[in-house]
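What's in final.pdb: PDB, C-alpha atoms
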```pdb
ATOM      1  CA  PRO A   1       0.000   0.000   0.000
ATOM      2  CA  PRO A   2       1.103   3.628  -0.379
ATOM      3  CA  ARG A   3       3.347   4.841   2.424
ATOM      4  CA  SER A   4       0.747   7.440   3.374
ATOM      5  CA  GLN A   5      -1.517   4.619   4.551
ATOM      6  CA  LYS A   6       0.945   3.354   7.159
ATOM      7  CA  LEU A   7      -0.338   4.114  10.627
ATOM      8  CA  ALA A   8       2.245   5.166  13.183
ATOM      9  CA  PHE A   9       3.276   3.203  16.230
ATOM     10  CA  ALA A  10       3.764   4.808  19.655
ATOM     11  CA  PHE A  11       7.369   4.863  20.857
ATOM     12  CA  ALA A  12       8.939   6.010  24.089
ATOM     13  CA  PHE A  13      11.230   8.427  22.242
ATOM     14  CA  LEU A  14       8.492   9.824  19.974
ATOM     15  CA  PRO A  15       5.188   9.858  21.886
ATOM     16  CA  TYR A  16       3.574  12.188  19.361
ATOM     17  CA  PHE A  17       3.776   9.421  16.763
ATOM     18  CA  SER A  18       0.853   7.697  18.454
ATOM     19  CA  SER A  19      -1.565  10.171  16.913
ATOM     20  CA  ALA A  20       0.222  10.901  13.635
ATOM     21  CA  TRP A  21       0.391   9.332  10.213
ATOM     22  CA  LEU A  22       3.849   7.961   9.662
ATOM     23  CA  LEU A  23       5.837   8.120   6.459
ATOM     24  CA  ARG A  24       7.867   4.906   6.688
ATOM     25  CA  ILE A  25      11.100   4.659   4.737
ATOM     26  CA  PRO A  26      12.163   1.025   4.232
ATOM     27  CA  LEU A  27      15.931   0.594   4.521
ATOM     28  CA  VAL A  28      17.836  -2.520   3.529
ATOM     29  CA  VAL A  29      21.422  -2.468   4.763
ATOM     30  CA  ILE A  30      23.760  -5.052   3.287
ATOM     31  CA  HIS A  31      26.531  -5.345   5.803
ATOM     32  CA  SER A  32      29.142  -7.298   7.570
ATOM     33  CA  VAL A  33      31.401  -6.400  10.440
ATOM     34  CA  VAL A  34      34.530  -6.397   8.356
ATOM     35  CA  ILE A  35      36.256  -4.057   5.916
ATOM     36  CA  ILE A  36      36.128  -4.501   2.131
ATOM     37  CA  PRO A  37      36.290  -2.209  -0.944
ATOM     38  CA  VAL A  38      32.992  -0.631  -1.893
ATOM     39  CA  PHE A  39      31.184   1.017  -4.761
ATOM     40  CA  SER A  40      29.197   4.134  -4.095
ATOM     41  CA  SER A  41      27.122   6.898  -5.578
ATOM     42  CA  SER A  42      27.655  10.388  -4.238
ATOM     43  CA  ARG A  43      24.064  11.217  -5.160
ATOM     44  CA  HIS A  44      21.001   9.047  -4.723
ATOM     45  CA  SER A  45      20.492   7.027  -7.880
ATOM     46  CA  ARG A  46      20.325   3.481  -9.101
ATOM     47  CA  ARG A  47      23.824   3.697 -10.560
ATOM     48  CA  ALA A  48      26.979   3.174  -8.520
ATOM     49  CA  HIS A  49      30.403   4.753  -8.969
ATOM     50  CA  GLN A  50      33.588   3.702  -7.259
ATOM     51  CA  ARG A  51      34.489   5.558  -4.094
ATOM     52  CA  TYR A  52      38.163   5.396  -3.248
ATOM     53  CA  HIS A  53      38.206   4.390   0.354
ATOM     54  CA  VAL A  54      37.456   1.275   2.334
ATOM     55  CA  PRO A  55      34.673   1.999   4.808
ATOM     56  CA  ASN A  56      33.042  -0.548   7.039
ATOM     57  CA  GLY A  57      29.649  -1.202   8.522
ATOM     58  CA  TYR A  58      30.564   0.277  11.891
ATOM     59  CA  ILE A  59      31.230   3.722  10.415
ATOM     60  CA  GLY A  60      28.285   3.401   8.060
ATOM     61  CA  LYS A  61      25.879   2.545  10.852
ATOM     62  CA  ARG A  62      26.811   5.695  12.753
ATOM     63  CA  HIS A  63      26.270   7.904   9.722
ATOM     64  CA  LEU A  64      22.904   6.205   9.229
ATOM     65  CA  VAL A  65      21.922   6.801  12.858
ATOM     66  CA  ASN A  66      22.879  10.473  12.604
ATOM     67  CA  ALA A  67      20.875  10.908   9.402
ATOM     68  CA  MET A  68      17.817   9.183  10.851
ATOM     69  CA  HIS A  69      18.018  11.334  13.983
ATOM     70  CA  GLU A  70      18.086  14.566  11.966
ATOM     71  CA  VAL A  71      15.146  13.631   9.748
ATOM     72  CA  MET A  72      13.028  12.329  12.629
ATOM     73  CA  ARG A  73      13.839  15.280  14.898
ATOM     74  CA  GLU A  74      12.803  17.874  12.330
ATOM     75  CA  PRO A  75      10.080  16.444  10.070
ATOM     76  CA  MET A  76       9.125  18.365   6.949
ATOM     77  CA  ASP A  77       5.465  17.774   7.841
ATOM     78  CA  ALA A  78       4.781  17.443  11.557
ATOM     79  CA  SER A  79       1.446  15.752  10.828
ATOM     80  CA  ARG A  80       3.206  12.980   8.930
ATOM     81  CA  PRO A  81       6.762  12.590  10.246
ATOM     82  CA  ALA A  82       9.211  10.181   8.681
ATOM     83  CA  GLY A  83      10.026   6.902  10.334
ATOM     84  CA  PHE A  84      12.456   4.153   9.422
ATOM     85  CA  ALA A  85      12.331   0.382   9.245
ATOM     86  CA  VAL A  86      15.707  -1.318   8.854
ATOM     87  CA  LEU A  87      16.414  -4.790   7.528
ATOM     88  CA  ARG A  88      20.009  -5.979   7.610
ATOM     89  CA  VAL A  89      21.335  -8.411   5.040
ATOM     90  CA  PRO A  90      24.425 -10.526   5.861
ATOM     91  CA  PHE A  91      27.540 -10.387   3.706
ATOM     92  CA  PHE A  92      30.696 -12.494   4.013
ATOM     93  CA  LEU A  93      34.134 -11.045   3.451
ATOM     94  CA  GLU A  94      35.816 -14.416   3.906
ATOM     95  CA  PRO A  95      33.199 -16.998   2.874
ATOM     96  CA  ASP A  96      35.814 -19.766   2.848
ATOM     97  CA  TYR A  97      36.832 -19.321   6.465
ATOM     98  CA  PRO A  98      36.087 -22.535   8.418
ATOM     99  CA  GLU A  99      33.177 -22.132  10.825
ATOM    100  CA  ASP A 100      35.051 -24.033  13.525
ATOM    101  CA  SER A 101      35.618 -21.589  16.381
ATOM    102  CA  SER A 102      39.189 -22.834  16.730
ATOM    103  CA  PHE A 103      40.119 -21.138  13.427
ATOM    104  CA  GLU A 104      41.219 -17.516  13.607
ATOM    105  CA  GLU A 105      43.778 -15.037  12.349
ATOM    106  CA  THR A 106      44.455 -11.460  13.274
ATOM    107  CA  ASN A 107      42.829  -8.844  11.100
ATOM    108  CA  LEU A 108      46.261  -7.285  10.599
ATOM    109  CA  ASN A 109      47.585 -10.515   9.095
ATOM    110  CA  ARG A 110      44.470 -10.860   6.961
ATOM    111  CA  LEU A 111      44.803  -7.345   5.551
ATOM    112  CA  GLN A 112      48.520  -7.697   4.889
ATOM    113  CA  ARG A 113      47.789 -10.929   3.050
ATOM    114  CA  LYS A 114      44.952  -9.321   1.121
ATOM    115  CA  TRP A 115      46.941  -6.258   0.033
ATOM    116  CA  GLY A 116      50.107  -8.183  -0.791
ATOM    117  CA  GLY A 117      52.401  -7.369   2.130
ATOM    118  CA  LYS A 118      53.135  -4.934   4.936
ATOM    119  CA  ALA A 119      54.219  -2.020   2.736
ATOM    120  CA  GLU A 120      51.185  -2.363   0.468
ATOM    121  CA  PHE A 121      48.855  -2.484   3.451
ATOM    122  CA  GLU A 122      50.401   0.640   4.993
ATOM    123  CA  ALA A 123      50.007   2.458   1.682
ATOM    124  CA  GLN A 124      46.310   1.641   1.353
ATOM    125  CA  LYS A 125      45.742   2.502   5.024
ATOM    126  CA  ASN A 126      47.170   5.965   4.427
ATOM    127  CA  ARG A 127      44.999   6.398   1.343
ATOM    128  CA  HIS A 128      41.763   5.300   2.941
ATOM    129  CA  ARG A 129      42.072   7.138   6.282
ATOM    130  CA  LEU A 130      39.961   4.639   8.169
ATOM    131  CA  LYS A 131      41.112   5.938  11.557
ATOM    132  CA  GLU A 132      40.306   9.552  10.689
ATOM    133  CA  ARG A 133      36.897   8.668   9.277
ATOM    134  CA  GLY A 134      36.150   6.691  12.417
ATOM    135  CA  HIS A 135      36.974   9.776  14.484
ATOM    136  CA  GLU A 136      34.399  11.721  12.452
ATOM    137  CA  VAL A 137      31.639   9.617  14.025
ATOM    138  CA  GLY A 138      33.104   9.172  17.494
ATOM    139  CA  ILE A 139      35.011   5.898  17.111
ATOM    140  CA  PRO A 140      38.248   6.400  19.067
ATOM    141  CA  ARG A 141      40.178   3.462  17.623
ATOM    142  CA  PHE A 142      40.059   0.266  15.614
ATOM    143  CA  ASP A 143      41.872  -2.735  17.025
ATOM    144  CA  ASN A 144      44.076  -3.683  14.077
ATOM    145  CA  LYS A 145      44.992  -6.945  15.773
ATOM    146  CA  ARG A 146      41.375  -7.927  16.359
ATOM    147  CA  THR A 147      40.593 -11.553  15.663
ATOM    148  CA  ALA A 148      39.133 -12.324  12.249
ATOM    149  CA  SER A 149      36.941 -15.413  11.999
ATOM    150  CA  ASN A 150      33.933 -16.888  10.224
ATOM    151  CA  THR A 151      30.820 -14.728  10.785
ATOM    152  CA  MET A 152      28.038 -17.214   9.978
ATOM    153  CA  ALA A 153      27.018 -17.639  13.626
ATOM    154  CA  SER A 154      26.833 -13.896  14.284
ATOM    155  CA  HIS A 155      24.768 -13.339  11.136
ATOM    156  CA  ARG A 156      22.387 -16.143  12.046
ATOM    157  CA  LEU A 157      21.973 -14.685  15.520
ATOM    158  CA  VAL A 158      21.231 -11.151  14.270
ATOM    159  CA  GLN A 159      18.676 -12.471  11.784
ATOM    160  CA  TRP A 160      17.008 -14.674  14.377
ATOM    161  CA  VAL A 161      16.669 -11.700  16.736
ATOM    162  CA  THR A 162      15.154  -9.687  13.862
ATOM    163  CA  ARG A 163      12.563 -12.387  13.172
ATOM    164  CA  GLU A 164      11.699 -13.071  16.800
ATOM    165  CA  TYR A 165      12.095  -9.674  18.474
ATOM    166  CA  GLY A 166      12.199  -7.074  15.711
ATOM    167  CA  SER A 167      14.698  -4.637  14.232
ATOM    168  CA  GLU A 168      14.973  -2.386  17.273
ATOM    169  CA  LEU A 169      16.526  -5.145  19.368
ATOM    170  CA  ALA A 170      18.514  -6.459  16.406
ATOM    171  CA  GLU A 171      20.073  -3.026  15.907
ATOM    172  CA  LYS A 172      21.120  -2.949  19.552
ATOM    173  CA  LEU A 173      22.714  -6.365  19.164
ATOM    174  CA  TYR A 174      24.453  -5.298  15.968
ATOM    175  CA  GLN A 175      25.897  -2.279  17.794
ATOM    176  CA  GLU A 176      27.121  -4.498  20.637
ATOM    177  CA  LEU A 177      28.844  -6.857  18.196
ATOM    178  CA  ASN A 178      30.417  -3.961  16.293
ATOM    179  CA  TYR A 179      31.817  -2.340  19.408
ATOM    180  CA  ASN A 180      33.254  -5.544  20.835
ATOM    181  CA  HIS A 181      34.770  -6.633  17.546
ATOM    182  CA  PHE A 182      36.156  -3.412  16.100
ATOM    183  CA  GLU A 183      37.262  -1.680  19.289
ATOM    184  CA  LEU A 184      37.941  -4.552  21.704
ATOM    185  CA  GLY A 185      39.100  -7.200  19.236
ATOM    186  CA  GLN A 186      36.539  -9.893  20.072
ATOM    187  CA  LYS A 187      36.142 -12.646  17.476
ATOM    188  CA  LEU A 188      32.689 -13.195  16.046
ATOM    189  CA  ASN A 189      32.416 -16.970  16.127
ATOM    190  CA  ASP A 190      32.909 -17.260  19.886
ATOM    191  CA  GLU A 191      29.700 -18.886  21.145
ATOM    192  CA  GLU A 192      29.924 -17.565  24.682
ATOM    193  CA  PHE A 193      30.621 -14.023  23.527
ATOM    194  CA  LEU A 194      27.670 -14.083  21.121
ATOM    195  CA  ALA A 195      25.366 -15.401  23.851
ATOM    196  CA  ARG A 196      26.547 -12.705  26.296
ATOM    197  CA  ALA A 197      26.022 -10.007  23.679
ATOM    198  CA  ALA A 198      22.479 -11.241  23.059
ATOM    199  CA  ALA A 199      21.752 -11.338  26.788
ATOM    200  CA  SER A 200      23.064  -7.785  27.197
ATOM    201  CA  VAL A 201      20.280  -6.472  24.937
ATOM    202  CA  GLY A 202      17.516  -8.513  26.564
ATOM    203  CA  VAL A 203      17.534 -11.841  24.717
ATOM    204  CA  SER A 204      17.555 -15.133  26.614
ATOM    205  CA  ARG A 205      21.128 -16.403  26.790
ATOM    206  CA  ASP A 206      19.952 -20.022  26.578
ATOM    207  CA  ASP A 207      17.827 -19.288  23.511
ATOM    208  CA  ALA A 208      20.750 -17.518  21.878
ATOM    209  CA  LEU A 209      23.056 -20.467  22.542
ATOM    210  CA  HIS A 210      20.490 -22.819  21.036
ATOM    211  CA  VAL A 211      20.395 -20.711  17.871
ATOM    212  CA  ILE A 212      24.192 -20.487  17.687
ATOM    213  CA  ARG A 213      24.902 -24.168  18.320
ATOM    214  CA  ASN A 214      22.156 -25.699  16.191
ATOM    215  CA  GLY A 215      22.496 -23.863  12.900
ATOM    216  CA  VAL A 216      19.155 -22.089  13.260
ATOM    217  CA  GLY A 217      18.453 -19.861  10.250
ATOM    218  CA  ARG A 218      21.287 -21.063   8.027
ATOM    219  CA  GLU A 219      18.878 -21.521   5.112
ATOM    220  CA  TYR A 220      17.909 -17.836   5.281
ATOM    221  CA  ILE A 221      21.526 -16.702   5.180
ATOM    222  CA  GLN A 222      22.205 -18.934   2.185
ATOM    223  CA  ALA A 223      19.102 -17.670   0.358
ATOM    224  CA  ALA A 224      20.200 -14.065   0.913
ATOM    225  CA  GLN A 225      23.666 -14.811  -0.488
ATOM    226  CA  LYS A 226      22.123 -16.218  -3.667
ATOM    227  CA  LEU A 227      20.010 -13.093  -4.063
ATOM    228  CA  LEU A 228      23.037 -10.860  -3.521
ATOM    229  CA  ARG A 229      24.875 -12.659  -6.301
ATOM    230  CA  ARG A 230      21.889 -12.382  -8.659
ATOM    231  CA  MET A 231      21.680  -8.645  -7.945
ATOM    232  CA  GLY A 232      25.412  -8.187  -8.540
ATOM    233  CA  ILE A 233      26.114  -6.756  -5.085
ATOM    234  CA  HIS A 234      29.699  -7.530  -4.140
ATOM    235  CA  SER A 235      30.597  -4.926  -1.519
ATOM    236  CA  ILE A 236      29.462  -3.463   1.775
ATOM    237  CA  PRO A 237      27.931  -1.544   3.306
ATOM    238  CA  THR A 238      25.291  -1.057   0.605
ATOM    239  CA  PHE A 239      22.032   0.768   1.325
ATOM    240  CA  ILE A 240      18.861   0.020  -0.616
ATOM    241  CA  VAL A 241      16.427   2.770   0.313
ATOM    242  CA  ASP A 242      12.692   2.518  -0.313
ATOM    243  CA  GLY A 243      13.344  -0.462  -2.571
ATOM    244  CA  LYS A 244      14.530   1.912  -5.303
ATOM    245  CA  TYR A 245      17.734   3.767  -4.481
ATOM    246  CA  VAL A 246      21.176   2.250  -3.971
ATOM    247  CA  LEU A 247      24.021   3.929  -2.117
ATOM    248  CA  GLY A 248      27.294   2.187  -1.350
ATOM    249  CA  GLY A 249      29.927   2.633   1.313
ATOM    250  CA  ALA A 250      29.935   4.464   4.619
ATOM    251  CA  VAL A 251      27.823   7.212   3.064
ATOM    252  CA  PRO A 252      28.101  10.522   4.958
ATOM    253  CA  ALA A 253      25.013  11.424   6.941
ATOM    254  CA  ARG A 254      24.415  14.505   4.796
ATOM    255  CA  GLU A 255      23.987  12.346   1.679
ATOM    256  CA  LEU A 256      21.543  10.066   3.456
ATOM    257  CA  VAL A 257      19.594  13.059   4.761
ATOM    258  CA  GLU A 258      19.375  14.431   1.231
ATOM    259  CA  LEU A 259      17.867  11.182  -0.017
ATOM    260  CA  PHE A 260      15.522  10.806   2.946
ATOM    261  CA  ARG A 261      14.249  14.379   2.493
ATOM    262  CA  SER A 262      13.620  13.678  -1.181
ATOM    263  CA  ILE A 263      11.444  10.698  -0.249
ATOM    264  CA  GLU A 264       9.817  12.666   2.560
ATOM    265  CA  SER A 265       8.814  15.392   0.109
ATOM    266  CA  SER A 266       6.870  12.852  -1.991
ATOM    267  CA  PRO A 267       4.839  10.995   0.659
ATOM    268  CA  ASP A 268       2.254   9.568  -1.733
ATOM    269  CA  GLU A 269       4.742   7.948  -4.079
ATOM    270  CA  GLU A 270       4.484   4.162  -4.036
ATOM    271  CA  SER A 271       7.104   2.525  -1.823
ATOM    272  CA  GLY A 272       9.408  -0.103  -3.296
ATOM    273  CA  GLY A 273       9.285  -2.002  -0.020
ATOM    274  CA  PHE A 274      11.880  -4.432   1.280
ATOM    275  CA  VAL A 275      14.242  -6.304  -0.939
ATOM    276  CA  PHE A 276      15.484  -9.509   0.763
ATOM    277  CA  ALA A 277      12.599  -9.801   3.238
ATOM    278  CA  GLU A 278      11.299 -13.028   1.728
ATOM    279  CA  ALA A 279      14.768 -14.558   1.411
ATOM    280  CA  LEU A 280      15.489 -13.830   5.071
ATOM    281  CA  GLY A 281      12.101 -15.093   6.248
ATOM    282  CA  ILE A 282      11.161 -11.842   7.977
ATOM    283  CA  PRO A 283       7.494 -11.930   9.123
ATOM    284  CA  ALA A 284       5.176  -9.258   7.770
ATOM    285  CA  GLU A 285       4.514  -7.885  11.246
ATOM    286  CA  ARG A 286       8.248  -7.182  11.682
ATOM    287  CA  LEU A 287       8.347  -5.296   8.396
ATOM    288  CA  ALA A 288       5.490  -3.117   9.658
ATOM    289  CA  GLU A 289       7.529  -1.956  12.663
ATOM    290  CA  SER A 290       9.483   1.297  12.688
ATOM    291  CA  LEU A 291      12.471   2.209  14.794
ATOM    292  CA  PRO A 292      12.261   4.835  17.523
ATOM    293  CA  MET A 293      14.283   7.983  17.050
ATOM    294  CA  PRO A 294      17.927   7.302  17.946
ATOM    295  CA  ASP A 295      18.679   8.445  21.471
ATOM    296  CA  ARG A 296      22.079   9.840  20.568
ATOM    297  CA  VAL A 297      24.049  11.542  17.820
ATOM    298  CA  TYR A 298      27.583  10.382  17.114
ATOM    299  CA  LYS A 299      29.867  13.404  17.213
ATOM    300  CA  ALA A 300      33.377  13.809  15.922
ATOM    301  CA  ILE A 301      36.331  13.333  18.228
ATOM    302  CA  ALA A 302      38.280  16.562  18.516
TER     303      ALA A 302
END
```
As a first step, turn the structure in this file into structure tokens.
Amino acid sequence: PPRSQKLAFAFAFLPYFSSAWLLRIPLVVIHSVVIIPVFSSSRHSRRAHQRYHVPNGYIGKRHLVNAMHEVMREPMDASRPAGFAVLRVPFFLEPDYPEDSSFEETNLNRLQRKWGGKAEFEAQKNRHRLKERGHEVGIPRFDNKRTASNTMASHRLVQWVTREYGSELAEKLYQELNYNHFELGQKLNDEEFLARAAASVGVSRDDALHVIRNGVGREYIQAAQKLLRRMGIHSIPTFIVDGKYVLGGAVPARELVELFRSIESSPDEESGGFVFAEALGIPAERLAESLPMPDRVYKAIA
């Protein structure tokens, strides 16, 4: 149905939504918690152009949060404010990594191997300014020696939380995983760590362990990978907005705001909906949920 027919939900952060019509903007975020080259458009369009840096989902998520906060805080039409529904799609940087939790390598070794040696890695690091771009959204450091490992279990867990609890809780879990991996060096196929992370956002630890240890949701992850290949998406993060517009990379918040405002200014235009929802087995009632306004803005580190 047209977006203008979506009735708002009441949220703790936005109580006025309970009596307003909500313009929902479906967001599909293709992500991982690792760094790979990306393709990007500097303007919102269906075409993608190469952007010469190597962003990651952690930076991209913070730009997204900042953009959502700005648009939700100052709606163009107070009687029909914009809201956001986010669906994350898993992506594997190292699909051939063994899933066995005993396998691991440091991210530093992985990147040096990928770029062809220490000197080559240092050169690309200087070009891509990952540390500086992290500072722009309040990330003090990246642990270069963090443990790289297979991410199937973490993806399955995030998707299970999305199906069972909704995107709001899944986003909190995703943030917890990002912080522990990128800043503290935690590996992402550690069962106990994943269960603790789930419990920290309100999910039953025992239920999380059951999901992790029993391969729950593997078929959904595999179906999403097939769809990614058919769509020709080979890099992350990639944003599919309103089922129509594709932006790649850790897109600055200002570019996301520009696109969101464009959609907000045409509230009766038919929504493209969610790509990947069927592949990931997301129930219709979850797709009808919108996120509350972010409770913080990520500011640059001086």
Requested in this report: Specify as JSON, numbers by chain each residue included when the PyMOL selection byres ((chain A and resi 67) around 7) is applied to this file.
Outcome: {"A": [63, 64, 65, 66, 68, 69, 70, 71, 253, 254, 256, 257]}
Report task. Return the single residue from A:Pro75, A:Gly248, A:Pro98, A:Gly232 that is closest to Asn56 of chain A, with distances computed using all atoms listed in the file. Result -> A:Gly248
Requested in this report: Convert the output of the PyMOL selection byres ((chain A and resi 286-295) around 7) on the shown file into explicit residues, formatted as a VMD selection string.
Outcome: chain A and resid 11 13 to 14 65 69 72 83 to 85 163 166 168 282 to 285 296
Query raised in the report: Using all atoms listed in the file, which residues sit within 7 Å of Lys145 of chain A once same-chain residues fewer than 2 positions away are excluded, as a VMD selection string?
Result: chain A and resid 106 to 108 143 147 185
Query - Pick from A:Arg156, A:Phe239, A:Leu111, A:Leu247 nearest to His210 of chain A, counting all atoms listed in the file - result: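 Residue with the minimum atom-to-atom distance to His210 of chain A: A:Arg156.
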